[in-house]
Amino acid sequence: MNRFAAPVARAITRVTDNALGPYQAAVIRVGFAATWLLFLLREFPDRQEMYGPDGPWSWDLAERLVADNHAFTALMWSDGQVWFEIVYAVAVLSSVLLLMGWRTRTMSVLFMIGVLSLQNRSIFMGDGGDNVIHLMAIYLVGTRCGQVWSLDARRARLAAEARARGEVSRAAGPDRVGPALWTGLGLLLAAVTVTGHLGGGWLTVFWGLWAAQALWWAVGRRARTPQPRILLDVVANMVHNAALFVIMAEACLIYATAGWYKIQGSRWQDGTAVYYPLHLDYFSPWPALSDLLAAHGTIVMLVTYGTVVVQVAFPFTLFNRRVKNVLLAAMITEHAVIAVVLGLPFFSLAMIAADSVFLPTSFLRRLGGLALRARGRLLPGGAPELPGQRLRGPRTPEGSEDPHVGFTA
């Protein structure tokens, strides 16, 4: 029994004591926020036709569909032009702030609201990449994705340094911005609830998120002993680790299902499937490049079979680090080629962001170091920040005066 109890105890301790994969969580935060932001900016001139109240997918059709499938979209709360512009602006702003890692707990919720509101308003505007962003925006809410490479991490580091020096600074003082943000969101949520615009399961989801944040703040400010704060920290770690596991499982499921469906197709079996999209005008932004690739039958056959092999095999290679890293590099390269050759940049960016959850921590740390040195060359006067600096410091010991729990809103 002791032989089994010790590993189980270590596993439970690891899952509850730490938010695993801080660099992976940060890179998928940056990846999906950047992908959605670039999409919104590119479609800004055409936003009215795509998601506006007078678009081809009319208000009445959208209202009937939402009433049937109970999907969430804030754009169905009003058919006014001003409300549409507000929702679109919030979607853009939340993407920017989530990308920068400012108040990631709040911005992840607003990011999810922006993604769901626009995509569920006009369902025929999406593709595979939009579906991935749709799912990952929901999962990101459960992650502690601001532990590294974020303004939250920088603020926490400055506060810890100030407290260590015994200084009283703005960074080390009580957080006022987070409670103000969540108070405003609570008032908006109450107004939407009273007017009946939000119902069903989404009412429970949003009020549950708000109540969890209120409990986090209340315990962090009012608890006289560290035990309640440690308990909340453990729960947050477990939620983060579960969400990160779901993200990884979702990425594996996408590749596994895509690969097995391809195997059943006759064009994939005879090695010619890649040839046909290269001759479609919609997927040929560079006709000369498409014709060049399609003219070489060997290349077409190798790419066709290679795609199927990589997608089917990848989920089975996760426990072999070397093979997994090779296939991961192959998939990221494939998506980069798809972005250029087939003209699907946002689908490719979304898939690369999903793939990033499997990148090795050592590689991400080196990548962070390179980015830090590049920033130092561009901004010589900038204060250096260690790429491995974790946002959450050590747990508050008995009798400590530190009122913070984890990281702020």
# chains A, B, ... in the order shown; residues from 1 in each chain; ligands from 1
call {"tool": "residues_around", "arguments": {"residues": "range 292-298 of chain A", "least_positions_apart": "2", "cutoff": "12 Å", "atoms": "only C-alpha atoms", "output": "list in words"}}
result
Asp270, Gly271, Thr272, Ala273, Val274, Tyr275, Tyr276, Pro277, Leu278, His279, Leu280, Ser284, Trp286, Pro287, Ala288, Leu289, Ser290, Val300, Met301, Leu302, Val303, Thr304, Tyr305, Gly306, Val337, Val341 and Leu342 of chain A
call {"tool": "closest_atom_pairs", "arguments": {"of": "range 62-166 of chain A", "to": "range 45-55 of chain A", "cutoff": "8 Å", "atoms": "only C-alpha atoms", "output": "CSV"}}
result
residue,atom,partner,partner_atom,distance
A:Asp79,CA,A:Pro53,CA,5.7
A:Gly80,CA,A:Pro53,CA,7.1
A:Gln81,CA,A:Pro53,CA,7.0
A:Phe84,CA,A:Gly52,CA,6.6
A:Leu118,CA,A:Tyr51,CA,6.3
A:Arg121,CA,A:Tyr51,CA,6.3
A:Ser122,CA,A:Tyr51,CA,5.9
A:Met125,CA,A:Met50,CA,6.9
call {"tool": "residues_around", "arguments": {"residues": "Pro315 in chain A", "least_positions_apart": "2", "cutoff": "8 Å", "atoms": "only C-alpha atoms", "output": "list in words"}}
result
Cys252, Tyr255, Ala256, Gln311, Val312, Ala313, Thr317 and Leu318 of chain A
call {"tool": "atom_distance", "arguments": {"atom1": "CA of Trp268 in chain A", "atom2": "CA of Thr307 in chain A"}}
result
9.4 Å
call {"tool": "residues_around", "arguments": {"residues": "Val194 in chain A", "least_positions_apart": "6", "cutoff": "12 Å", "atoms": "only C-alpha atoms", "output": "list in words"}}
result
Leu187, Leu188 and Leu203 of chain A
call {"tool": "atom_distance", "arguments": {"atom1": "CA of Thr104 in chain A", "atom2": "CA of Arg29 in chain A"}}
result
9.2 Å
call {"tool": "select_by_dssp", "arguments": {"residues": "range 90-176 of chain A", "states": "alpha helix (DSSP H)", "output": "ChimeraX atom specification"}}
result
/A:90-100,104-121,128-140,151-164
call {"tool": "closest_residue", "arguments": {"among": "A:Thr13, A:Asn69, A:Thr333, A:Asn241", "to": "Ala25 in chain A", "atoms": "only C-alpha atoms"}}
result
A:Asn241
call {"tool": "closest_atom_pairs", "arguments": {"of": "range 269-344 of chain A", "to": "range 360-364 of chain A", "cutoff": "12 Å", "atoms": "only C-alpha atoms", "output": "tab-separated table"}}
result
residue	atom	partner	partner_atom	distance
A:Leu318	CA	A:Pro360	CA	11.5
A:Arg321	CA	A:Pro360	CA	8.7
A:Arg322	CA	A:Pro360	CA	10.4
A:Lys324	CA	A:Pro360	CA	10.0
A:Asn325	CA	A:Pro360	CA	8.1
A:Val326	CA	A:Pro360	CA	11.7
A:Leu328	CA	A:Pro360	CA	10.4
A:Ala329	CA	A:Pro360	CA	11.5
call {"tool": "residues_around", "arguments": {"residues": "Ala249 in chain A", "least_positions_apart": "3", "cutoff": "12 Å", "atoms": "only C-alpha atoms", "output": "list in words"}}
result
Leu135, Met136, Tyr139, Ala242, Ala243, Leu244, Phe245, Val246, Cys252, Leu253, Ile254, Tyr255, Ala256, Thr257, Phe314, Pro315, Phe316, Leu318, Ala354, Asp355, Val357 and Phe358 of chain A
call {"tool": "write_last_selection", "arguments": {"atoms": "N, CA, C and O atoms", "output": "PDB file, in the first residue's frame"}}
result
ATOM      1  N   LEU A 135     -14.435  27.699 -28.229  1.00  0.00           N
ATOM      2  CA  LEU A 135     -14.255  26.763 -27.114  1.00  0.00           C
ATOM      3  C   LEU A 135     -13.168  27.240 -26.155  1.00  0.00           C
ATOM      4  O   LEU A 135     -13.347  27.220 -24.930  1.00  0.00           O
ATOM      5  N   MET A 136     -12.034  27.672 -26.689  1.00  0.00           N
ATOM      6  CA  MET A 136     -10.917  28.059 -25.840  1.00  0.00           C
ATOM      7  C   MET A 136     -11.223  29.311 -25.025  1.00  0.00           C
ATOM      8  O   MET A 136     -10.702  29.475 -23.918  1.00  0.00           O
ATOM      9  N   TYR A 139     -12.780  27.983 -21.940  1.00  0.00           N
ATOM     10  CA  TYR A 139     -11.839  27.281 -21.064  1.00  0.00           C
ATOM     11  C   TYR A 139     -10.865  28.238 -20.392  1.00  0.00           C
ATOM     12  O   TYR A 139     -10.440  27.999 -19.254  1.00  0.00           O
ATOM     13  N   ALA A 242      -7.507  21.613 -14.138  1.00  0.00           N
ATOM     14  CA  ALA A 242      -8.561  20.922 -14.874  1.00  0.00           C
ATOM     15  C   ALA A 242      -8.837  21.602 -16.214  1.00  0.00           C
ATOM     16  O   ALA A 242      -9.001  20.929 -17.236  1.00  0.00           O
ATOM     17  N   ALA A 243      -8.885  22.934 -16.220  1.00  0.00           N
ATOM     18  CA  ALA A 243      -9.123  23.672 -17.467  1.00  0.00           C
ATOM     19  C   ALA A 243      -7.989  23.452 -18.459  1.00  0.00           C
ATOM     20  O   ALA A 243      -8.221  23.283 -19.668  1.00  0.00           O
ATOM     21  N   LEU A 244      -6.750  23.441 -17.960  1.00  0.00           N
ATOM     22  CA  LEU A 244      -5.605  23.218 -18.843  1.00  0.00           C
ATOM     23  C   LEU A 244      -5.650  21.805 -19.424  1.00  0.00           C
ATOM     24  O   LEU A 244      -5.329  21.589 -20.604  1.00  0.00           O
ATOM     25  N   PHE A 245      -6.055  20.839 -18.616  1.00  0.00           N
ATOM     26  CA  PHE A 245      -6.200  19.468 -19.112  1.00  0.00           C
ATOM     27  C   PHE A 245      -7.272  19.391 -20.194  1.00  0.00           C
ATOM     28  O   PHE A 245      -7.104  18.698 -21.209  1.00  0.00           O
ATOM     29  N   VAL A 246      -8.386  20.104 -19.997  1.00  0.00           N
ATOM     30  CA  VAL A 246      -9.460  20.100 -20.993  1.00  0.00           C
ATOM     31  C   VAL A 246      -8.980  20.728 -22.299  1.00  0.00           C
ATOM     32  O   VAL A 246      -9.320  20.248 -23.396  1.00  0.00           O
ATOM     33  N   CYS A 252      -6.207  17.486 -28.725  1.00  0.00           N
ATOM     34  CA  CYS A 252      -6.015  16.102 -29.180  1.00  0.00           C
ATOM     35  C   CYS A 252      -7.254  15.581 -29.894  1.00  0.00           C
ATOM     36  O   CYS A 252      -7.152  14.879 -30.918  1.00  0.00           O
ATOM     37  N   LEU A 253      -8.432  15.919 -29.382  1.00  0.00           N
ATOM     38  CA  LEU A 253      -9.680  15.456 -29.996  1.00  0.00           C
ATOM     39  C   LEU A 253      -9.854  16.044 -31.392  1.00  0.00           C
ATOM     40  O   LEU A 253     -10.315  15.359 -32.319  1.00  0.00           O
ATOM     41  N   ILE A 254      -9.476  17.306 -31.552  1.00  0.00           N
ATOM     42  CA  ILE A 254      -9.581  17.944 -32.868  1.00  0.00           C
ATOM     43  C   ILE A 254      -8.730  17.203 -33.891  1.00  0.00           C
ATOM     44  O   ILE A 254      -9.183  16.877 -34.994  1.00  0.00           O
ATOM     45  N   TYR A 255      -7.482  16.916 -33.522  1.00  0.00           N
ATOM     46  CA  TYR A 255      -6.594  16.236 -34.463  1.00  0.00           C
ATOM     47  C   TYR A 255      -7.013  14.785 -34.691  1.00  0.00           C
ATOM     48  O   TYR A 255      -6.952  14.286 -35.824  1.00  0.00           O
ATOM     49  N   ALA A 256      -7.421  14.110 -33.630  1.00  0.00           N
ATOM     50  CA  ALA A 256      -7.798  12.708 -33.768  1.00  0.00           C
ATOM     51  C   ALA A 256      -9.012  12.550 -34.681  1.00  0.00           C
ATOM     52  O   ALA A 256      -9.016  11.717 -35.602  1.00  0.00           O
ATOM     53  N   THR A 257     -10.058  13.335 -34.438  1.00  0.00           N
ATOM     54  CA  THR A 257     -11.261  13.229 -35.268  1.00  0.00           C
ATOM     55  C   THR A 257     -10.983  13.648 -36.706  1.00  0.00           C
ATOM     56  O   THR A 257     -11.462  13.002 -37.656  1.00  0.00           O
ATOM     57  N   PHE A 314      -0.528  12.021 -33.445  1.00  0.00           N
ATOM     58  CA  PHE A 314      -0.123  12.981 -32.415  1.00  0.00           C
ATOM     59  C   PHE A 314      -0.654  12.648 -31.024  1.00  0.00           C
ATOM     60  O   PHE A 314       0.117  12.672 -30.047  1.00  0.00           O
ATOM     61  N   PRO A 315      -1.949  12.373 -30.827  1.00  0.00           N
ATOM     62  CA  PRO A 315      -2.414  12.085 -29.458  1.00  0.00           C
ATOM     63  C   PRO A 315      -1.712  10.915 -28.797  1.00  0.00           C
ATOM     64  O   PRO A 315      -1.640  10.846 -27.564  1.00  0.00           O
ATOM     65  N   PHE A 316      -1.167   9.983 -29.598  1.00  0.00           N
ATOM     66  CA  PHE A 316      -0.516   8.808 -29.036  1.00  0.00           C
ATOM     67  C   PHE A 316       0.953   9.053 -28.707  1.00  0.00           C
ATOM     68  O   PHE A 316       1.619   8.168 -28.157  1.00  0.00           O
ATOM     69  N   LEU A 318       2.070  11.774 -26.901  1.00  0.00           N
ATOM     70  CA  LEU A 318       2.218  12.763 -25.828  1.00  0.00           C
ATOM     71  C   LEU A 318       3.127  12.283 -24.710  1.00  0.00           C
ATOM     72  O   LEU A 318       3.692  13.093 -23.970  1.00  0.00           O
ATOM     73  N   ALA A 354      -3.587  26.736 -30.157  1.00  0.00           N
ATOM     74  CA  ALA A 354      -3.986  25.516 -29.445  1.00  0.00           C
ATOM     75  C   ALA A 354      -2.814  24.551 -29.319  1.00  0.00           C
ATOM     76  O   ALA A 354      -2.627  23.916 -28.273  1.00  0.00           O
ATOM     77  N   ASP A 355      -2.008  24.448 -30.363  1.00  0.00           N
ATOM     78  CA  ASP A 355      -0.837  23.570 -30.310  1.00  0.00           C
ATOM     79  C   ASP A 355       0.177  24.025 -29.266  1.00  0.00           C
ATOM     80  O   ASP A 355       0.930  23.209 -28.711  1.00  0.00           O
ATOM     81  N   VAL A 357      -0.034  24.785 -26.301  1.00  0.00           N
ATOM     82  CA  VAL A 357      -0.181  24.242 -24.952  1.00  0.00           C
ATOM     83  C   VAL A 357       0.741  23.051 -24.741  1.00  0.00           C
ATOM     84  O   VAL A 357       1.043  22.693 -23.597  1.00  0.00           O
ATOM     85  N   PHE A 358       1.232  22.436 -25.831  1.00  0.00           N
ATOM     86  CA  PHE A 358       2.117  21.279 -25.726  1.00  0.00           C
ATOM     87  C   PHE A 358       3.587  21.652 -25.840  1.00  0.00           C
ATOM     88  O   PHE A 358       4.444  20.767 -25.794  1.00  0.00           O
TER      89      PHE A 358
END
call {"tool": "residues_around", "arguments": {"residues": "Ser150 in chain A", "least_positions_apart": "6", "cutoff": "7 Å", "atoms": "only C-alpha atoms", "output": "number ranges by chain"}}
result
A: 100-102
call {"tool": "write_last_selection", "arguments": {"atoms": "all heavy atoms", "output": "compact mmCIF listing (two decimals), in the first residue's frame"}}
result
# COMPACT_ATOMS: atom_id res chain seq x y z
N MET A 100 -2.20 41.70 -23.11
CA MET A 100 -1.18 42.32 -22.26
C MET A 100 -1.15 41.72 -20.86
O MET A 100 -0.19 41.95 -20.12
CB MET A 100 -1.45 43.82 -22.18
CG MET A 100 -1.37 44.54 -23.51
SD MET A 100 -1.94 46.25 -23.41
CE MET A 100 -0.73 46.93 -22.28
N GLY A 101 -2.18 40.98 -20.50
CA GLY A 101 -2.21 40.38 -19.17
C GLY A 101 -2.60 41.36 -18.08
O GLY A 101 -2.13 41.24 -16.95
N TRP A 102 -3.48 42.31 -18.40
CA TRP A 102 -3.96 43.27 -17.41
C TRP A 102 -5.30 42.78 -16.85
O TRP A 102 -6.25 42.62 -17.59
CB TRP A 102 -4.13 44.65 -18.04
CG TRP A 102 -4.48 45.72 -17.05
CD1 TRP A 102 -3.65 46.40 -16.23
CD2 TRP A 102 -5.80 46.25 -16.79
NE1 TRP A 102 -4.34 47.32 -15.47
CE2 TRP A 102 -5.66 47.24 -15.78
CE3 TRP A 102 -7.08 45.97 -17.29
CZ2 TRP A 102 -6.75 47.96 -15.28
CZ3 TRP A 102 -8.16 46.69 -16.79
CH2 TRP A 102 -7.99 47.67 -15.80
call {"tool": "residues_around", "arguments": {"residues": "Pro345 in chain A", "least_positions_apart": "2", "cutoff": "12 Å", "atoms": "only C-alpha atoms", "output": "ChimeraX atom specification"}}
result
/A:35-36,38-39,42,127-130,283,285,334-343,347-352
call {"tool": "write_last_selection", "arguments": {"atoms": "N, CA and C atoms", "output": "mmCIF file, in the first residue's frame"}}
result
data_model
loop_
_atom_site.group_PDB
_atom_site.id
_atom_site.type_symbol
_atom_site.label_atom_id
_atom_site.label_comp_id
_atom_site.auth_asym_id
_atom_site.auth_seq_id
_atom_site.Cartn_x
_atom_site.Cartn_y
_atom_site.Cartn_z
ATOM 1 N N THR A 35 -5.104 36.379 -31.916
ATOM 2 C CA THR A 35 -5.837 35.900 -33.092
ATOM 3 C C THR A 35 -7.189 36.578 -33.215
ATOM 4 N N TRP A 36 -7.933 36.632 -32.118
ATOM 5 C CA TRP A 36 -9.261 37.249 -32.140
ATOM 6 C C TRP A 36 -9.153 38.759 -32.371
ATOM 7 N N LEU A 38 -6.766 40.397 -34.059
ATOM 8 C CA LEU A 38 -6.436 40.635 -35.464
ATOM 9 C C LEU A 38 -7.654 40.406 -36.358
ATOM 10 N N PHE A 39 -8.452 39.400 -36.024
ATOM 11 C CA PHE A 39 -9.668 39.151 -36.797
ATOM 12 C C PHE A 39 -10.638 40.329 -36.685
ATOM 13 N N ARG A 42 -9.284 43.279 -38.669
ATOM 14 C CA ARG A 42 -9.379 43.094 -40.121
ATOM 15 C C ARG A 42 -10.809 43.272 -40.614
ATOM 16 N N ASP A 127 -15.661 29.580 -39.125
ATOM 17 C CA ASP A 127 -15.041 28.422 -39.744
ATOM 18 C C ASP A 127 -14.401 27.595 -38.638
ATOM 19 N N GLY A 128 -13.511 26.683 -38.998
ATOM 20 C CA GLY A 128 -12.891 25.841 -37.987
ATOM 21 C C GLY A 128 -12.117 26.624 -36.955
ATOM 22 N N GLY A 129 -11.424 27.673 -37.391
ATOM 23 C CA GLY A 129 -10.671 28.498 -36.447
ATOM 24 C C GLY A 129 -11.562 29.203 -35.459
ATOM 25 N N ASP A 130 -12.708 29.706 -35.925
ATOM 26 C CA ASP A 130 -13.649 30.366 -35.021
ATOM 27 C C ASP A 130 -14.200 29.389 -33.990
ATOM 28 N N PHE A 283 -9.473 29.519 -52.198
ATOM 29 C CA PHE A 283 -8.321 29.098 -51.407
ATOM 30 C C PHE A 283 -7.002 29.310 -52.161
ATOM 31 N N PRO A 285 -4.983 32.556 -52.710
ATOM 32 C CA PRO A 285 -4.589 33.972 -52.708
ATOM 33 C C PRO A 285 -3.340 34.221 -53.544
ATOM 34 N N GLU A 334 2.894 23.067 -40.745
ATOM 35 C CA GLU A 334 1.779 22.826 -41.666
ATOM 36 C C GLU A 334 0.749 23.944 -41.598
ATOM 37 N N HIS A 335 0.419 24.384 -40.391
ATOM 38 C CA HIS A 335 -0.564 25.466 -40.264
ATOM 39 C C HIS A 335 -0.020 26.779 -40.816
ATOM 40 N N ALA A 336 1.271 27.014 -40.650
ATOM 41 C CA ALA A 336 1.865 28.226 -41.234
ATOM 42 C C ALA A 336 1.784 28.186 -42.753
ATOM 43 N N VAL A 337 2.006 27.012 -43.344
ATOM 44 C CA VAL A 337 1.893 26.867 -44.794
ATOM 45 C C VAL A 337 0.445 27.060 -45.242
ATOM 46 N N ILE A 338 -0.503 26.504 -44.485
ATOM 47 C CA ILE A 338 -1.915 26.685 -44.814
ATOM 48 C C ILE A 338 -2.299 28.158 -44.792
ATOM 49 N N ALA A 339 -1.776 28.894 -43.813
ATOM 50 C CA ALA A 339 -2.088 30.321 -43.719
ATOM 51 C C ALA A 339 -1.660 31.066 -44.968
ATOM 52 N N VAL A 340 -0.502 30.704 -45.525
ATOM 53 C CA VAL A 340 0.033 31.415 -46.684
ATOM 54 C C VAL A 340 -0.563 30.881 -47.988
ATOM 55 N N VAL A 341 -0.514 29.571 -48.170
ATOM 56 C CA VAL A 341 -0.896 28.979 -49.452
ATOM 57 C C VAL A 341 -2.409 29.009 -49.662
ATOM 58 N N LEU A 342 -3.173 28.655 -48.648
ATOM 59 C CA LEU A 342 -4.630 28.585 -48.784
ATOM 60 C C LEU A 342 -5.344 29.850 -48.308
ATOM 61 N N GLY A 343 -4.607 30.810 -47.775
ATOM 62 C CA GLY A 343 -5.235 32.067 -47.364
ATOM 63 C C GLY A 343 -6.159 31.925 -46.172
ATOM 64 N N PHE A 347 -7.599 30.778 -39.091
ATOM 65 C CA PHE A 347 -7.711 29.361 -38.752
ATOM 66 C C PHE A 347 -6.349 28.820 -38.316
ATOM 67 N N SER A 348 -5.313 29.169 -39.071
ATOM 68 C CA SER A 348 -3.970 28.680 -38.749
ATOM 69 C C SER A 348 -3.481 29.241 -37.432
ATOM 70 N N LEU A 349 -3.708 30.532 -37.178
ATOM 71 C CA LEU A 349 -3.278 31.131 -35.915
ATOM 72 C C LEU A 349 -3.994 30.488 -34.730
ATOM 73 N N ALA A 350 -5.284 30.203 -34.888
ATOM 74 C CA ALA A 350 -6.035 29.567 -33.801
ATOM 75 C C ALA A 350 -5.488 28.176 -33.513
ATOM 76 N N MET A 351 -5.164 27.419 -34.551
ATOM 77 C CA MET A 351 -4.636 26.069 -34.337
ATOM 78 C C MET A 351 -3.223 26.108 -33.767
ATOM 79 N N ILE A 352 -2.414 27.057 -34.209
ATOM 80 C CA ILE A 352 -1.072 27.189 -33.639
ATOM 81 C C ILE A 352 -1.161 27.567 -32.164
#
call {"tool": "closest_atom_pairs", "arguments": {"of": "range 176-291 of chain A", "to": "range 111-115 of chain A", "cutoff": "12 Å", "atoms": "only C-alpha atoms", "output": "JSON lines"}}
result
{"residue": "A:Leu185", "atom": "CA", "partner": "A:Ile113", "partner_atom": "CA", "distance": 12.0}
{"residue": "A:Trp202", "atom": "CA", "partner": "A:Ile113", "partner_atom": "CA", "distance": 11.0}
{"residue": "A:Val205", "atom": "CA", "partner": "A:Ile113", "partner_atom": "CA", "distance": 11.8}
{"residue": "A:Phe206", "atom": "CA", "partner": "A:Ile113", "partner_atom": "CA", "distance": 10.1}
call {"tool": "atom_distance", "arguments": {"atom1": "CA of His70 in chain A", "atom2": "CA of Gly31 in chain A"}}
result
28.4 Å
